[in-house]
$ cat coords.cif   # mmCIF, C-alpha atoms
data_entry
loop_
_atom_site.label_atom_id
_atom_site.label_comp_id
_atom_site.auth_asym_id
_atom_site.auth_seq_id
_atom_site.Cartn_x
_atom_site.Cartn_y
_atom_site.Cartn_z
CA MET W 1 1.95 23.54 40.03
CA ILE W 2 0.98 24.02 36.37
CA GLU W 3 4.42 22.93 35.16
CA LYS W 4 4.21 19.84 37.36
CA LYS W 5 0.83 18.89 35.90
CA VAL W 6 2.18 19.35 32.38
CA THR W 7 5.17 17.16 33.17
CA VAL W 8 3.01 14.42 34.68
CA GLY W 9 0.69 14.58 31.67
CA LYS W 10 3.62 14.22 29.29
CA ILE W 11 4.94 11.23 31.23
CA ILE W 12 1.56 9.50 31.16
CA LEU W 13 1.23 10.22 27.43
CA PHE W 14 4.74 8.87 26.83
CA ILE W 15 3.93 5.65 28.71
CA ILE W 16 0.71 5.16 26.73
CA LEU W 17 2.50 5.72 23.42
CA LEU W 18 5.31 3.40 24.48
CA LEU W 19 2.85 0.62 25.37
CA GLY W 20 1.06 1.12 22.06
CA ALA W 21 4.38 0.92 20.19
CA LEU W 22 5.33 -2.29 22.01
CA ILE W 23 1.97 -3.87 21.16
CA ILE W 24 2.44 -2.99 17.48
CA LEU W 25 6.10 -4.07 17.33
CA PHE W 26 5.69 -7.36 19.22
CA PRO W 27 4.30 -9.33 16.23
CA ILE W 28 7.21 -8.10 14.11
CA ALA W 29 9.68 -9.14 16.80
CA TRP W 30 8.01 -12.55 17.02
CA MET W 31 8.19 -12.93 13.22
CA ILE W 32 11.93 -12.15 13.20
CA SER W 33 12.52 -14.50 16.11
CA THR W 34 10.61 -17.33 14.40
CA SER W 35 12.56 -16.82 11.18
CA LEU W 36 15.80 -17.50 13.09
CA LYS W 37 14.65 -20.74 14.71
CA SER W 38 14.75 -24.35 13.59
CA LEU W 39 11.45 -26.08 12.88
CA PRO W 40 11.59 -28.21 16.09
CA GLU W 41 12.27 -25.06 18.11
CA VAL W 42 9.30 -23.33 16.48
CA ALA W 43 7.06 -26.21 17.59
CA LYS W 44 8.50 -26.19 21.11
CA TYR W 45 6.06 -25.63 24.00
CA PRO W 46 6.05 -23.35 25.84
CA PRO W 47 7.31 -21.10 23.06
CA THR W 48 10.32 -18.86 23.54
CA LEU W 49 10.80 -15.37 22.18
CA LEU W 50 14.54 -15.56 21.55
CA PRO W 51 16.04 -18.40 19.48
CA GLU W 52 18.51 -20.65 21.27
CA GLN W 53 20.95 -20.38 18.37
CA PRO W 54 20.05 -17.91 15.59
CA MET W 55 19.98 -19.64 12.21
CA TRP W 56 20.72 -16.85 9.74
CA GLU W 57 20.96 -19.38 6.93
CA ASN W 58 17.17 -19.74 7.10
CA PHE W 59 16.84 -16.67 4.90
CA ILE W 60 19.03 -18.16 2.17
CA ILE W 61 17.40 -21.58 2.39
CA ALA W 62 13.92 -20.08 2.28
CA TRP W 63 14.78 -17.86 -0.71
CA ASN W 64 16.06 -20.89 -2.64
CA LYS W 65 13.00 -23.00 -1.84
CA ALA W 66 11.20 -21.37 -4.79
CA PRO W 67 12.09 -18.85 -7.54
CA PHE W 68 11.51 -15.87 -5.27
CA THR W 69 13.72 -13.65 -7.41
CA LYS W 70 11.31 -14.15 -10.30
CA TYR W 71 8.31 -13.70 -8.01
CA THR W 72 9.78 -10.41 -6.80
CA LEU W 73 10.32 -9.18 -10.36
CA ASN W 74 6.74 -10.14 -11.24
CA THR W 75 5.52 -8.19 -8.23
CA LEU W 76 7.61 -5.17 -9.17
CA ILE W 77 6.00 -5.09 -12.63
CA ILE W 78 2.55 -4.88 -11.06
CA VAL W 79 3.75 -2.34 -8.50
CA PHE W 80 5.31 -0.10 -11.17
CA PHE W 81 2.15 0.18 -13.25
CA SER W 82 -0.04 0.41 -10.15
CA ILE W 83 1.84 3.46 -8.91
CA ILE W 84 1.67 5.15 -12.32
CA GLY W 85 -2.03 4.37 -12.69
CA ALA W 86 -2.91 5.52 -9.18
CA VAL W 87 -1.01 8.80 -9.41
CA LEU W 88 -2.17 9.78 -12.91
CA SER W 89 -5.82 8.74 -12.72
CA ASN W 90 -6.59 9.94 -9.22
CA SER W 91 -4.78 13.26 -9.61
CA PHE W 92 -6.59 14.05 -12.86
CA VAL W 93 -10.05 13.09 -11.62
CA ALA W 94 -9.50 14.96 -8.37
CA TYR W 95 -8.45 18.05 -10.34
CA GLY W 96 -11.72 17.91 -12.25
CA PHE W 97 -13.80 17.72 -9.08
CA ALA W 98 -11.79 20.44 -7.33
CA LYS W 99 -11.09 23.02 -10.01
CA ILE W 100 -13.51 22.53 -12.92
CA ASP W 101 -17.13 23.68 -12.70
CA PHE W 102 -19.60 21.52 -14.61
CA LYS W 103 -23.24 20.60 -14.29
CA GLY W 104 -23.95 17.82 -11.79
CA LYS W 105 -20.47 17.90 -10.26
CA LYS W 106 -21.64 17.67 -6.65
CA PHE W 107 -24.06 14.84 -7.41
CA LEU W 108 -21.41 12.91 -9.34
CA PHE W 109 -18.91 13.39 -6.53
CA LYS W 110 -21.44 11.99 -4.06
CA ILE W 111 -21.85 8.94 -6.31
CA VAL W 112 -18.09 8.46 -6.31
CA LEU W 113 -17.96 8.65 -2.51
CA ALA W 114 -20.91 6.27 -2.24
CA THR W 115 -18.86 3.56 -3.97
CA MET W 116 -16.67 3.45 -0.85
CA MET W 117 -19.63 1.90 0.99
CA ILE W 118 -19.76 -1.11 -1.37
CA PRO W 119 -17.89 -4.10 0.15
CA GLY W 120 -15.15 -5.32 -2.14
CA PHE W 121 -16.19 -8.99 -2.03
CA ILE W 122 -19.54 -8.13 -3.66
CA THR W 123 -17.82 -7.20 -6.92
CA LEU W 124 -15.41 -10.15 -6.99
CA VAL W 125 -17.64 -12.51 -8.99
CA PRO W 126 -18.86 -9.94 -11.56
CA GLN W 127 -15.31 -8.72 -12.10
CA TYR W 128 -13.98 -12.25 -12.56
CA VAL W 129 -16.72 -13.06 -15.07
CA ILE W 130 -15.97 -9.90 -17.07
CA TYR W 131 -12.22 -10.48 -17.10
CA SER W 132 -12.75 -14.11 -18.01
CA LYS W 133 -15.00 -13.19 -20.94
CA ILE W 134 -12.44 -10.78 -22.40
CA GLY W 135 -9.54 -13.19 -21.88
CA TRP W 136 -7.67 -11.36 -19.15
CA VAL W 137 -7.53 -14.25 -16.68
CA ASP W 138 -4.01 -15.58 -16.03
CA SER W 139 -2.48 -12.22 -16.90
CA TYR W 140 -1.52 -9.09 -14.99
CA LEU W 141 -4.18 -6.97 -16.70
CA PRO W 142 -6.90 -7.49 -14.03
CA LEU W 143 -4.37 -6.41 -11.41
CA ILE W 144 -3.18 -3.30 -13.29
CA VAL W 145 -5.93 -1.87 -15.51
CA PRO W 146 -8.48 -1.18 -12.71
CA ILE W 147 -5.89 1.00 -10.98
CA PHE W 148 -6.06 3.39 -13.95
CA CYS W 149 -9.79 3.89 -13.24
CA ALA W 150 -9.06 5.85 -10.03
CA ASN W 151 -10.10 5.16 -6.45
CA ALA W 152 -12.80 6.97 -4.46
CA PHE W 153 -10.72 7.43 -1.32
CA HIS W 154 -7.71 8.76 -3.24
CA ILE W 155 -9.96 11.09 -5.25
CA PHE W 156 -11.47 12.49 -2.07
CA MET W 157 -8.09 12.96 -0.39
CA MET W 158 -6.53 14.65 -3.41
CA ARG W 159 -9.60 16.82 -4.04
CA GLN W 160 -9.41 18.16 -0.50
CA PHE W 161 -5.73 18.92 -1.02
CA TYR W 162 -6.39 20.61 -4.39
CA ARG W 163 -9.04 22.87 -2.89
CA THR W 164 -6.42 24.60 -0.77
CA ILE W 165 -4.70 25.84 -3.95
CA PRO W 166 -5.88 29.38 -4.79
CA ASN W 167 -8.13 29.55 -7.85
CA GLU W 168 -6.33 32.75 -8.86
CA LEU W 169 -3.38 30.65 -10.02
CA ILE W 170 -5.59 28.70 -12.39
CA GLU W 171 -7.43 31.78 -13.62
CA ALA W 172 -4.12 33.48 -14.36
CA ALA W 173 -3.00 30.43 -16.35
CA LYS W 174 -6.26 30.45 -18.31
CA VAL W 175 -5.75 34.13 -19.17
CA ASP W 176 -2.37 33.18 -20.64
CA GLY W 177 -4.14 30.61 -22.81
CA ALA W 178 -3.36 27.44 -20.83
CA GLY W 179 -5.77 24.49 -21.05
CA HIS W 180 -6.79 22.13 -18.31
CA PHE W 181 -4.24 19.45 -19.28
CA TYR W 182 -1.42 22.00 -19.14
CA ILE W 183 -2.67 23.45 -15.83
CA TRP W 184 -2.98 20.00 -14.31
CA GLY W 185 0.41 18.77 -15.50
CA LYS W 186 2.57 21.87 -15.25
CA LEU W 187 0.92 23.99 -12.56
CA ILE W 188 -0.97 21.74 -10.16
CA MET W 189 1.15 18.58 -10.06
CA PRO W 190 4.34 20.31 -8.78
CA LEU W 191 2.31 21.91 -5.97
CA VAL W 192 0.81 18.66 -4.69
CA LYS W 193 3.90 16.46 -4.38
CA PRO W 194 3.09 15.43 -0.78
CA VAL W 195 -0.33 14.01 -1.65
CA LEU W 196 1.07 12.41 -4.82
CA ALA W 197 3.73 10.70 -2.72
CA THR W 198 1.03 9.56 -0.30
CA VAL W 199 -1.06 8.02 -3.07
CA ALA W 200 2.03 6.39 -4.57
CA LEU W 201 3.00 4.91 -1.21
CA ILE W 202 -0.50 3.54 -0.61
CA ALA W 203 -0.57 2.11 -4.15
CA PHE W 204 2.81 0.47 -3.60
CA LYS W 205 1.70 -1.08 -0.35
CA GLY W 206 -1.54 -2.34 -1.88
CA ALA W 207 0.08 -3.90 -4.95
CA TRP W 208 3.12 -5.28 -3.09
CA GLY W 209 1.04 -6.99 -0.41
CA ASP W 210 -1.90 -8.06 -2.58
CA PHE W 211 -2.71 -11.74 -2.18
CA GLN W 212 -6.36 -12.00 -3.17
CA GLY W 213 -5.99 -10.54 -6.66
CA PRO W 214 -3.11 -12.75 -7.83
CA LEU W 215 -4.76 -15.77 -6.21
CA LEU W 216 -7.92 -15.21 -8.27
CA TYR W 217 -6.42 -14.34 -11.63
CA LEU W 218 -3.03 -16.07 -11.84
CA SER W 219 -2.65 -19.80 -12.42
CA ASP W 220 0.70 -19.95 -14.22
CA ARG W 221 3.41 -20.41 -11.59
CA ASN W 222 5.85 -18.40 -13.70
CA LYS W 223 3.59 -15.37 -13.20
CA TYR W 224 3.22 -15.77 -9.44
CA THR W 225 3.82 -12.77 -7.22
CA LEU W 226 5.80 -12.71 -4.00
CA GLN W 227 2.71 -13.15 -1.82
CA LEU W 228 1.58 -16.22 -3.76
CA GLY W 229 5.08 -17.64 -3.55
CA LEU W 230 4.77 -17.77 0.24
CA GLN W 231 2.35 -20.66 -0.16
CA VAL W 232 5.26 -22.94 -1.05
CA PHE W 233 5.97 -23.29 2.67
CA LYS W 234 2.46 -24.55 3.44
CA GLY W 235 1.93 -28.27 3.03
CA GLU W 236 -1.15 -30.43 3.58
CA GLY W 237 -0.25 -31.37 7.13
CA TYR W 238 2.46 -28.92 8.14
CA THR W 239 3.82 -25.43 7.62
CA GLU W 240 7.49 -24.47 7.59
CA TRP W 241 6.94 -21.48 9.82
CA ASN W 242 10.58 -20.49 10.12
CA TYR W 243 11.02 -20.20 6.34
CA LEU W 244 7.62 -18.58 5.92
CA MET W 245 8.46 -15.91 8.49
CA ALA W 246 11.89 -15.36 6.90
CA ILE W 247 10.44 -14.50 3.48
CA SER W 248 7.59 -12.56 5.07
CA PHE W 249 10.11 -10.39 6.88
CA LEU W 250 12.13 -9.84 3.70
CA SER W 251 8.98 -8.86 1.82
CA MET W 252 8.15 -6.32 4.52
CA ILE W 253 11.51 -4.51 4.31
CA PRO W 254 10.77 -2.46 1.12
CA ILE W 255 7.56 -1.06 2.63
CA LEU W 256 9.37 -0.05 5.83
CA ILE W 257 12.19 1.60 3.88
CA LEU W 258 9.80 3.58 1.69
CA PHE W 259 7.73 4.71 4.64
CA PHE W 260 10.72 5.94 6.63
CA CYS W 261 12.18 7.67 3.57
CA PHE W 262 8.93 9.41 2.61
CA GLN W 263 7.17 9.73 5.97
CA ASN W 264 7.34 13.53 5.84
CA TYR W 265 5.58 13.55 2.47
CA PHE W 266 3.06 11.03 3.80
CA ILE W 267 2.21 13.19 6.82
CA GLN W 268 1.92 16.32 4.66
CA GLY W 269 -0.21 14.45 2.13
CA MET W 270 -2.69 13.35 4.78
CA ASN W 271 -2.92 16.93 6.03
CA THR W 272 -5.51 18.60 3.80
CA SER W 273 -5.65 21.84 5.75
CA GLY W 274 -3.11 23.59 3.60
CA ALA W 275 -1.25 22.72 0.43
CA VAL W 276 0.19 26.12 -0.40
CA LYS W 277 1.75 28.39 2.17
#

$ encode --input "coords.cif" --output "structure tokens"
Amino acid sequence: MIEKKVTVGKIILFIILLLGALIILFPIAWMISTSLKSLPEVAKYPPTLLPEQPMWENFIIAWNKAPFTKYTLNTLIIVFFSIIGAVLSNSFVAYGFAKIDFKGKKFLFKIVLATMMIPGFITLVPQYVIYSKIGWVDSYLPLIVPIFCANAFHIFMMRQFYRTIPNELIEAAKVDGAGHFYIWGKLIMPLVKPVLATVALIAFKGAWGDFQGPLLYLSDRNKYTLQLGLQVFKGEGYTEWNYLMAISFLSMIPILILFFCFQNYFIQGMNTSGAVK
């Protein structure tokens, strides 16, 4: 009887998970289907899921509608520095909160966490005014430099991961004459690869898919990112949905590849119960 209940429970759980997966995957399937249709077929009512005749050339036509190769390279520049800034700044600040004792540490950490409660749109105008005053508008600096100032959520996540590392390792390194920079770079960083990979993946996703930042600070078309380039398919009275979905799907592929390649690191990084076995 017990085995039967367990089997029924597993079946029900499998069905629920399957339904959830279908709900999540349906928009992606619709995007791919739309990218393979002609514009009249996209506007057809009632809509159809599968295209009557897949138009694979839509991807090539859409890519040549604008300099998307240049837009991709521009995006990769921002992504590269965003990953470096996120990994270095957050790991170092988190190390300080986790492994260095100093006066007011708990209070300062609470202040850092409190910043997570501030809605992002509140700081948009002050930030734009500051960057405009110092001449950073229409450059990549407003999109890159703030990343090097760390992020409250990443600090919290990495701090929790660091706390699972025995303090005896650090004390032993101090006895040998090692300083905090050496301990952080040579001792701690190799032990926290999963959480570093997690932060890097989140930073990549944020920079790769960022639309609001480039929209605010970039006006030169030669500096446009991939997300801004998608606006070329939107006219005043119409939208070329098939081409828009084609480039949107292509822009989603790198994120999917990275996630599937590093999903084990991502899962381990989100698990703060134990960093060192």

$ closest_residue --input "coords.cif" --among "W:Ile83, W:Leu256, W:Met158, W:Leu143" --to "Phe211 of chain W" --atoms "only C-alpha atoms"
W:Leu143

$ closest_residue --input "coords.cif" --among "W:Leu258, W:Leu39, W:Leu13, W:Leu25" --to "Asn242 of chain W" --atoms "all atoms listed in the file"
W:Leu39

$ resolve_selection --input "coords.cif" --expression "the PyMOL selection byres ((chain W and resi 134-138) around 7)" --output "list in words"
Ile130, Tyr131, Ser132, Lys133, Ser139, Leu141, Pro142, Tyr217, Leu218, Ser219 and Asp220 of chain W

$ resolve_selection --input "coords.cif" --expression "the PyMOL selection byres ((chain W and resi 169) around 12)" --output "MDAnalysis selection string"
chainID W and resid 99 162:168 170:176 178 183:184 186:188 191 276

$ closest_residue --input "coords.cif" --among "W:Ile118, W:Trp241, W:Ser91, W:Met252" --to "Pro190 of chain W" --atoms "all atoms listed in the file"
W:Ser91

$ atom_distance --input "coords.cif" --atom1 "atom CA of Ile202 of chain W" --atom2 "atom CA of Phe121 of chain W"
20.1 Å

$ closest_residue --input "coords.cif" --among "W:Ile247, W:Leu215, W:Ile255, W:Ala94" --to "Ala62 of chain W" --atoms "only C-alpha atoms"
W:Ile247

$ closest_residue --input "coords.cif" --among "W:Ala86, W:Val8, W:Ala246, W:Val93" --to "Glu57 of chain W" --atoms "all atoms listed in the file"
W:Ala246

$ build_atoms --input "coords.cif" --residues "segment 11-27 of chain W" --atoms "N, CA, C and O atoms" --output "short mmCIF file (atom, residue, chain, number, x, y, z; two decimals), keeping the file's coordinate frame"
data_model
loop_
_atom_site.label_atom_id
_atom_site.label_comp_id
_atom_site.auth_asym_id
_atom_site.auth_seq_id
_atom_site.Cartn_x
_atom_site.Cartn_y
_atom_site.Cartn_z
N ILE W 11 4.44 12.56 30.85
CA ILE W 11 4.94 11.23 31.23
C ILE W 11 3.89 10.17 30.97
O ILE W 11 4.18 9.09 30.43
N ILE W 12 2.65 10.46 31.37
CA ILE W 12 1.56 9.50 31.16
C ILE W 12 1.36 9.26 29.66
O ILE W 12 1.19 8.12 29.21
N LEU W 13 1.38 10.35 28.88
CA LEU W 13 1.23 10.22 27.43
C LEU W 13 2.37 9.40 26.83
O LEU W 13 2.14 8.54 25.96
N PHE W 14 3.59 9.62 27.32
CA PHE W 14 4.74 8.87 26.83
C PHE W 14 4.59 7.38 27.13
O PHE W 14 4.88 6.52 26.29
N ILE W 15 4.11 7.06 28.32
CA ILE W 15 3.93 5.65 28.71
C ILE W 15 2.87 4.99 27.83
O ILE W 15 3.05 3.86 27.36
N ILE W 16 1.78 5.71 27.58
CA ILE W 16 0.71 5.16 26.73
C ILE W 16 1.22 4.90 25.32
O ILE W 16 0.97 3.85 24.72
N LEU W 17 1.95 5.88 24.77
CA LEU W 17 2.50 5.72 23.42
C LEU W 17 3.53 4.60 23.38
O LEU W 17 3.59 3.84 22.39
N LEU W 18 4.32 4.47 24.43
CA LEU W 18 5.31 3.40 24.48
C LEU W 18 4.64 2.03 24.51
O LEU W 18 5.07 1.10 23.80
N LEU W 19 3.59 1.89 25.32
CA LEU W 19 2.85 0.62 25.37
C LEU W 19 2.22 0.30 24.02
O LEU W 19 2.24 -0.85 23.56
N GLY W 20 1.65 1.33 23.38
CA GLY W 20 1.06 1.12 22.06
C GLY W 20 2.10 0.68 21.05
O GLY W 20 1.85 -0.21 20.22
N ALA W 21 3.30 1.29 21.10
CA ALA W 21 4.38 0.92 20.19
C ALA W 21 4.83 -0.52 20.42
O ALA W 21 5.09 -1.27 19.48
N LEU W 22 4.92 -0.91 21.69
CA LEU W 22 5.33 -2.29 22.01
C LEU W 22 4.31 -3.30 21.50
O LEU W 22 4.67 -4.37 21.00
N ILE W 23 3.03 -2.97 21.63
CA ILE W 23 1.97 -3.87 21.16
C ILE W 23 2.06 -4.04 19.65
O ILE W 23 1.89 -5.14 19.10
N ILE W 24 2.35 -2.94 18.95
CA ILE W 24 2.44 -2.99 17.48
C ILE W 24 3.70 -3.73 17.04
O ILE W 24 3.68 -4.49 16.07
N LEU W 25 4.81 -3.50 17.75
CA LEU W 25 6.10 -4.07 17.33
C LEU W 25 6.28 -5.52 17.76
O LEU W 25 7.12 -6.22 17.19
N PHE W 26 5.50 -5.99 18.73
CA PHE W 26 5.69 -7.36 19.22
C PHE W 26 5.49 -8.41 18.12
O PHE W 26 6.30 -9.34 18.02
N PRO W 27 4.44 -8.32 17.30
CA PRO W 27 4.30 -9.33 16.23
C PRO W 27 5.48 -9.34 15.27
O PRO W 27 5.88 -10.41 14.78
#
